[in-house]
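Asks: Pasting a structure here, questions to come.
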Amino acid sequence: MIIDLFRQGLSPQQIIYYLIIFLFALTLSFSVHEFMHAAVAVWLGDETPRNMGRLTLNPIAHVDPVGTILLLVAGFGWGKPVMYNPNRLSRFKSHRAMNIMVHLAGVTGNFILALISNILFILFSSLALKFTGAQIALNTVAEAFNYTYAFSMMLLAFNLLPIPPLDGFHVLEELLPYKVRSTEGYRKFQRFSPMIIWIVFIAGTFTNISILGYAVNIIETPFAWLINIICMPFYLLFQFMGL
């Protein structure tokens with residue numbers, strides 16, 4: 001992120017401009033992701049996230065300082081995980097289904113945010129072309145929502161990777177037989193798997209072969225395709241309205 005900005009030879013003013021936009025997009029994307037985990041867990045019967053102050057869109061409650069700095073600097077980071085008690089989920093009979101709902105809530109929130117951000121990007125980009133007197137301000141807002149779309153899609157795809165401690169792994173875990181989850185080998189896999197992400201990321205940084213990036217792009221593609229289809233009527237509507 002920041003490293004790429006310096007590599008592009010941007011001026012200090014341009015770097016500050018993009019940092020502000022990046023912070024807006026990142027904090028909103030992380031906040032929606034973690035809020036959705038909390039909201040679904042509370043809706044399913046567990047008050048733990050509410051009691052811990054996580055049932056909010058306030059980014060201060062959700063943003064992990066180290067994870068955010070790393071994401072800004074190197075393009076890899078995380079938010080503060082929402083804690084919940086699976087034993088307190090009571091709305092439905094299937095605890096497995098409810099756990100899956102909690103784990104998928106974050107990426108669902110990112111998908112919704114990406115969709116709304118893309119619609120707003122189309123709207124403000126269209127307005128910037130029509131109202132040239134306010135073009136700079138409108139383009140700035142459009143760019144902020146464009147980056148919010150990009151970061152939300154990145155978080156969605158990254159969290160669907162089937163590697164602990166990501167949401168995709170926890171969903172897969174719920175589908176595994178209990179005998180598999182109770183083995184010592186499985187517990188060791190959980191402990192050491194986060195190191196896989198770091199090793200792959202660091203290797204990609206030094207070799208310019210980003211396996212992690214390729215995997216994220218593959219997962220992201222069908223969701224981006226779906227958003228483009230949903231947004232097409234809005235694009236046509238804005239054109240019809242003369243925007």
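In the structure tokens, each chain is lettered A, B, ... as it comes, each chain's residues begin at 1, and ligands are numbered from 1 in order of appearance.
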Distance table requested - segment 70-120 of chain A against segment 158-167 of chain A, cut-off 10 Å, only C-alpha atoms: one row per qualifying residue with the closest atom pair and its distance in Å to one decimal, ordered by chain and rising residue number, as JSON lines.
Replies:
{"residue": "A:Phe76", "atom": "CA", "partner": "A:Phe158", "partner_atom": "CA", "distance": 9.7}
{"residue": "A:Trp78", "atom": "CA", "partner": "A:Asn159", "partner_atom": "CA", "distance": 9.6}
{"residue": "A:Pro81", "atom": "CA", "partner": "A:Pro165", "partner_atom": "CA", "distance": 9.7}
{"residue": "A:Ile100", "atom": "CA", "partner": "A:Asp167", "partner_atom": "CA", "distance": 8.9}
{"residue": "A:Val102", "atom": "CA", "partner": "A:Asp167", "partner_atom": "CA", "distance": 9.1}
{"residue": "A:His103", "atom": "CA", "partner": "A:Asp167", "partner_atom": "CA", "distance": 5.4}
{"residue": "A:Leu104", "atom": "CA", "partner": "A:Asp167", "partner_atom": "CA", "distance": 6.7}
{"residue": "A:Ala105", "atom": "CA", "partner": "A:Asp167", "partner_atom": "CA", "distance": 9.2}
{"residue": "A:Gly106", "atom": "CA", "partner": "A:Asp167", "partner_atom": "CA", "distance": 8.2}
{"residue": "A:Val107", "atom": "CA", "partner": "A:Asn159", "partner_atom": "CA", "distance": 7.1}
Asks: Quick one: residues within 12 Å of Tyr147 of chain A, only C-alpha atoms, excluding same-chain residues fewer than 4 positions away - as a list of chain:residue names?
Replies: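 Contacts, with the query itself left out: A:Met1, A:Tyr18, A:Leu19, A:Ile20, A:Ile21, A:Phe22, A:Leu23, A:Phe24, A:Ala25, A:Leu26, A:Thr27, A:Leu28, A:Ser29, A:Leu113, A:Ala114, A:Ser117, A:Asn118, A:Leu120, A:Phe121, A:Thr140, A:Val141, A:Ala142, A:Glu143, A:Phe151, A:Ser152, A:Met153, A:Met154.
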Asks: Restricted to N, CA and C atoms, what would the selected residues look like written as an mmCIF file, in the first residue's frame?
Replies:
data_model
loop_
_atom_site.group_PDB
_atom_site.id
_atom_site.type_symbol
_atom_site.label_atom_id
_atom_site.label_comp_id
_atom_site.auth_asym_id
_atom_site.auth_seq_id
_atom_site.Cartn_x
_atom_site.Cartn_y
_atom_site.Cartn_z
ATOM 1 N N MET A 1 0.823 -1.201 0.000
ATOM 2 C CA MET A 1 0.000 0.000 0.000
ATOM 3 C C MET A 1 0.863 1.259 0.000
ATOM 4 N N TYR A 18 -4.032 9.912 -0.652
ATOM 5 C CA TYR A 18 -4.387 8.500 -0.768
ATOM 6 C C TYR A 18 -4.410 7.807 0.587
ATOM 7 N N LEU A 19 -3.573 8.244 1.519
ATOM 8 C CA LEU A 19 -3.603 7.665 2.858
ATOM 9 C C LEU A 19 -4.942 7.922 3.536
ATOM 10 N N ILE A 20 -5.468 9.132 3.377
ATOM 11 C CA ILE A 20 -6.775 9.463 3.958
ATOM 12 C C ILE A 20 -7.866 8.587 3.347
ATOM 13 N N ILE A 21 -7.814 8.431 2.024
ATOM 14 C CA ILE A 21 -8.800 7.589 1.348
ATOM 15 C C ILE A 21 -8.653 6.125 1.781
ATOM 16 N N PHE A 22 -7.405 5.653 1.889
ATOM 17 C CA PHE A 22 -7.166 4.278 2.317
ATOM 18 C C PHE A 22 -7.713 4.041 3.726
ATOM 19 N N LEU A 23 -7.471 4.999 4.640
ATOM 20 C CA LEU A 23 -7.952 4.854 6.016
ATOM 21 C C LEU A 23 -9.475 4.813 6.059
ATOM 22 N N PHE A 24 -10.123 5.661 5.259
ATOM 23 C CA PHE A 24 -11.581 5.651 5.189
ATOM 24 C C PHE A 24 -12.081 4.286 4.725
ATOM 25 N N ALA A 25 -11.505 3.799 3.626
ATOM 26 C CA ALA A 25 -11.955 2.537 3.048
ATOM 27 C C ALA A 25 -11.665 1.355 3.968
ATOM 28 N N LEU A 26 -10.496 1.353 4.576
ATOM 29 C CA LEU A 26 -10.102 0.249 5.449
ATOM 30 C C LEU A 26 -10.952 0.180 6.710
ATOM 31 N N THR A 27 -11.094 1.320 7.393
ATOM 32 C CA THR A 27 -11.845 1.316 8.648
ATOM 33 C C THR A 27 -13.308 0.948 8.408
ATOM 34 N N LEU A 28 -13.879 1.425 7.309
ATOM 35 C CA LEU A 28 -15.265 1.086 6.999
ATOM 36 C C LEU A 28 -15.393 -0.400 6.683
ATOM 37 N N SER A 29 -14.460 -0.936 5.896
ATOM 38 C CA SER A 29 -14.514 -2.351 5.514
ATOM 39 C C SER A 29 -14.340 -3.263 6.724
ATOM 40 N N LEU A 113 -21.357 -4.220 1.423
ATOM 41 C CA LEU A 113 -20.650 -2.939 1.395
ATOM 42 C C LEU A 113 -20.003 -2.705 0.035
ATOM 43 N N ALA A 114 -19.413 -3.743 -0.550
ATOM 44 C CA ALA A 114 -18.802 -3.620 -1.874
ATOM 45 C C ALA A 114 -19.848 -3.261 -2.924
ATOM 46 N N SER A 117 -20.908 0.358 -2.350
ATOM 47 C CA SER A 117 -19.791 1.236 -2.717
ATOM 48 C C SER A 117 -19.653 1.351 -4.226
ATOM 49 N N ASN A 118 -19.869 0.245 -4.940
ATOM 50 C CA ASN A 118 -19.763 0.281 -6.398
ATOM 51 C C ASN A 118 -20.875 1.122 -7.010
ATOM 52 N N LEU A 120 -22.381 3.643 -5.509
ATOM 53 C CA LEU A 120 -22.056 5.037 -5.200
ATOM 54 C C LEU A 120 -20.898 5.542 -6.050
ATOM 55 N N PHE A 121 -19.945 4.661 -6.351
ATOM 56 C CA PHE A 121 -18.840 5.044 -7.238
ATOM 57 C C PHE A 121 -19.372 5.414 -8.622
ATOM 58 N N THR A 140 -13.249 12.869 -5.770
ATOM 59 C CA THR A 140 -12.648 12.409 -4.520
ATOM 60 C C THR A 140 -13.569 11.433 -3.803
ATOM 61 N N VAL A 141 -14.853 11.790 -3.737
ATOM 62 C CA VAL A 141 -15.832 10.900 -3.106
ATOM 63 C C VAL A 141 -15.937 9.593 -3.892
ATOM 64 N N ALA A 142 -15.960 9.712 -5.221
ATOM 65 C CA ALA A 142 -16.037 8.516 -6.066
ATOM 66 C C ALA A 142 -14.836 7.608 -5.828
ATOM 67 N N GLU A 143 -13.655 8.187 -5.723
ATOM 68 C CA GLU A 143 -12.448 7.396 -5.514
ATOM 69 C C GLU A 143 -12.464 6.725 -4.146
ATOM 70 N N PHE A 151 -11.229 -2.748 -1.140
ATOM 71 C CA PHE A 151 -10.819 -3.311 0.141
ATOM 72 C C PHE A 151 -11.859 -4.299 0.673
ATOM 73 N N SER A 152 -13.139 -3.997 0.467
ATOM 74 C CA SER A 152 -14.186 -4.914 0.922
ATOM 75 C C SER A 152 -14.103 -6.244 0.181
ATOM 76 N N MET A 153 -13.849 -6.179 -1.114
ATOM 77 C CA MET A 153 -13.714 -7.402 -1.902
ATOM 78 C C MET A 153 -12.474 -8.183 -1.484
ATOM 79 N N MET A 154 -11.401 -7.461 -1.182
ATOM 80 C CA MET A 154 -10.182 -8.126 -0.734
ATOM 81 C C MET A 154 -10.409 -8.845 0.591
#
Asks: Choose the residue, out of A:Leu236, A:Val32, A:Ile230, A:Leu5, that has the smallest atom-to-atom separation from Ser126 of chain A; count only C-alpha atoms.
Replies: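 Counting only C-alpha atoms, the residue closest to Ser126 of chain A is A:Leu236.
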Asks: Could you check which of A:Ala61, A:Ile122, A:Met83, A:Met36 is closest to Phe234 of chain A, using only C-alpha atoms?
Replies: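 Of A:Ala61, A:Ile122, A:Met83, A:Met36, the one nearest Phe234 of chain A, counting only C-alpha atoms, is A:Ile122.
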Asks: Which residues are near segment 189-194 of chain A? Cut-off 12 Å, only C-alpha atoms, ignore same chain within fewer than 3 positions. Put them as a list in words.
Replies: Leu161, Pro162, Ile163, Pro164, Pro165, Leu166, Phe169, His170, Glu173, Val180, Arg181, Ser182, Thr183, Glu184, Gly185, Tyr186, Ile197, Trp198, Ile199, Val200 and Phe201 of chain A
Asks: Mind dumping the selected residues with N, CA and C atoms as a PDB file, in the first residue's frame?
Replies:
ATOM      1  N   LEU A 161     -10.465 -17.850   2.481  1.00  0.00           N
ATOM      2  CA  LEU A 161      -9.407 -18.853   2.340  1.00  0.00           C
ATOM      3  C   LEU A 161      -9.546 -19.901   3.451  1.00  0.00           C
ATOM      4  N   PRO A 162      -9.450 -21.187   3.126  1.00  0.00           N
ATOM      5  CA  PRO A 162      -9.643 -22.248   4.142  1.00  0.00           C
ATOM      6  C   PRO A 162      -8.408 -22.490   4.990  1.00  0.00           C
ATOM      7  N   ILE A 163      -7.904 -21.420   5.629  1.00  0.00           N
ATOM      8  CA  ILE A 163      -6.707 -21.498   6.453  1.00  0.00           C
ATOM      9  C   ILE A 163      -7.019 -20.886   7.815  1.00  0.00           C
ATOM     10  N   PRO A 164      -6.702 -21.567   8.910  1.00  0.00           N
ATOM     11  CA  PRO A 164      -6.922 -20.970  10.233  1.00  0.00           C
ATOM     12  C   PRO A 164      -6.123 -19.679  10.373  1.00  0.00           C
ATOM     13  N   PRO A 165      -6.650 -18.649  11.012  1.00  0.00           N
ATOM     14  CA  PRO A 165      -7.933 -18.600  11.730  1.00  0.00           C
ATOM     15  C   PRO A 165      -9.016 -17.901  10.921  1.00  0.00           C
ATOM     16  N   LEU A 166      -8.976 -17.985   9.596  1.00  0.00           N
ATOM     17  CA  LEU A 166      -9.891 -17.239   8.738  1.00  0.00           C
ATOM     18  C   LEU A 166     -11.287 -17.862   8.724  1.00  0.00           C
ATOM     19  N   PHE A 169     -11.978 -21.175   6.842  1.00  0.00           N
ATOM     20  CA  PHE A 169     -11.580 -22.400   7.544  1.00  0.00           C
ATOM     21  C   PHE A 169     -12.631 -22.801   8.570  1.00  0.00           C
ATOM     22  N   HIS A 170     -13.165 -21.839   9.324  1.00  0.00           N
ATOM     23  CA  HIS A 170     -14.145 -22.158  10.362  1.00  0.00           C
ATOM     24  C   HIS A 170     -15.428 -22.730   9.759  1.00  0.00           C
ATOM     25  N   GLU A 173     -14.504 -26.192   8.890  1.00  0.00           N
ATOM     26  CA  GLU A 173     -14.370 -26.944  10.137  1.00  0.00           C
ATOM     27  C   GLU A 173     -15.713 -27.459  10.627  1.00  0.00           C
ATOM     28  N   VAL A 180     -12.453 -36.099  13.327  1.00  0.00           N
ATOM     29  CA  VAL A 180     -11.325 -35.436  12.677  1.00  0.00           C
ATOM     30  C   VAL A 180     -10.883 -34.232  13.503  1.00  0.00           C
ATOM     31  N   ARG A 181     -11.851 -33.449  13.983  1.00  0.00           N
ATOM     32  CA  ARG A 181     -11.538 -32.228  14.719  1.00  0.00           C
ATOM     33  C   ARG A 181     -10.924 -32.489  16.090  1.00  0.00           C
ATOM     34  N   SER A 182     -11.112 -33.711  16.617  1.00  0.00           N
ATOM     35  CA  SER A 182     -10.615 -34.014  17.960  1.00  0.00           C
ATOM     36  C   SER A 182      -9.235 -34.659  17.963  1.00  0.00           C
ATOM     37  N   THR A 183      -8.646 -34.873  16.791  1.00  0.00           N
ATOM     38  CA  THR A 183      -7.338 -35.520  16.730  1.00  0.00           C
ATOM     39  C   THR A 183      -6.221 -34.526  17.048  1.00  0.00           C
ATOM     40  N   GLU A 184      -5.094 -35.065  17.528  1.00  0.00           N
ATOM     41  CA  GLU A 184      -3.944 -34.233  17.853  1.00  0.00           C
ATOM     42  C   GLU A 184      -3.349 -33.605  16.602  1.00  0.00           C
ATOM     43  N   GLY A 185      -3.354 -34.347  15.501  1.00  0.00           N
ATOM     44  CA  GLY A 185      -2.837 -33.820  14.243  1.00  0.00           C
ATOM     45  C   GLY A 185      -3.624 -32.614  13.766  1.00  0.00           C
ATOM     46  N   TYR A 186      -4.926 -32.670  13.960  1.00  0.00           N
ATOM     47  CA  TYR A 186      -5.772 -31.549  13.562  1.00  0.00           C
ATOM     48  C   TYR A 186      -5.483 -30.317  14.412  1.00  0.00           C
ATOM     49  N   ILE A 197       0.271 -18.554   6.125  1.00  0.00           N
ATOM     50  CA  ILE A 197      -0.081 -17.270   5.524  1.00  0.00           C
ATOM     51  C   ILE A 197       1.124 -16.345   5.522  1.00  0.00           C
ATOM     52  N   TRP A 198       1.819 -16.273   6.667  1.00  0.00           N
ATOM     53  CA  TRP A 198       2.983 -15.388   6.761  1.00  0.00           C
ATOM     54  C   TRP A 198       4.093 -15.825   5.802  1.00  0.00           C
ATOM     55  N   ILE A 199       4.358 -17.122   5.746  1.00  0.00           N
ATOM     56  CA  ILE A 199       5.427 -17.621   4.875  1.00  0.00           C
ATOM     57  C   ILE A 199       5.113 -17.329   3.418  1.00  0.00           C
ATOM     58  N   VAL A 200       3.859 -17.606   3.015  1.00  0.00           N
ATOM     59  CA  VAL A 200       3.458 -17.367   1.623  1.00  0.00           C
ATOM     60  C   VAL A 200       3.509 -15.881   1.301  1.00  0.00           C
ATOM     61  N   PHE A 201       3.066 -15.057   2.248  1.00  0.00           N
ATOM     62  CA  PHE A 201       3.072 -13.610   2.020  1.00  0.00           C
ATOM     63  C   PHE A 201       4.497 -13.073   1.898  1.00  0.00           C
TER      64      PHE A 201
END
Asks: Using only C-alpha atoms for the distances, tell me which of A:Thr132, A:Ser125, A:Ser31, A:Asn139 is nearest to Gly109 of chain A.
Replies: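 So, comparing all the options, the nearest one is A:Ser31.
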Asks: When distances are computed from only C-alpha atoms, which of A:Ile116, A:Ala128, A:Leu89, A:Ile229 shows the smallest separation from Phe145 of chain A?
Replies: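 Of A:Ile116, A:Ala128, A:Leu89, A:Ile229, the one nearest Phe145 of chain A is A:Ile116, counting only C-alpha atoms.
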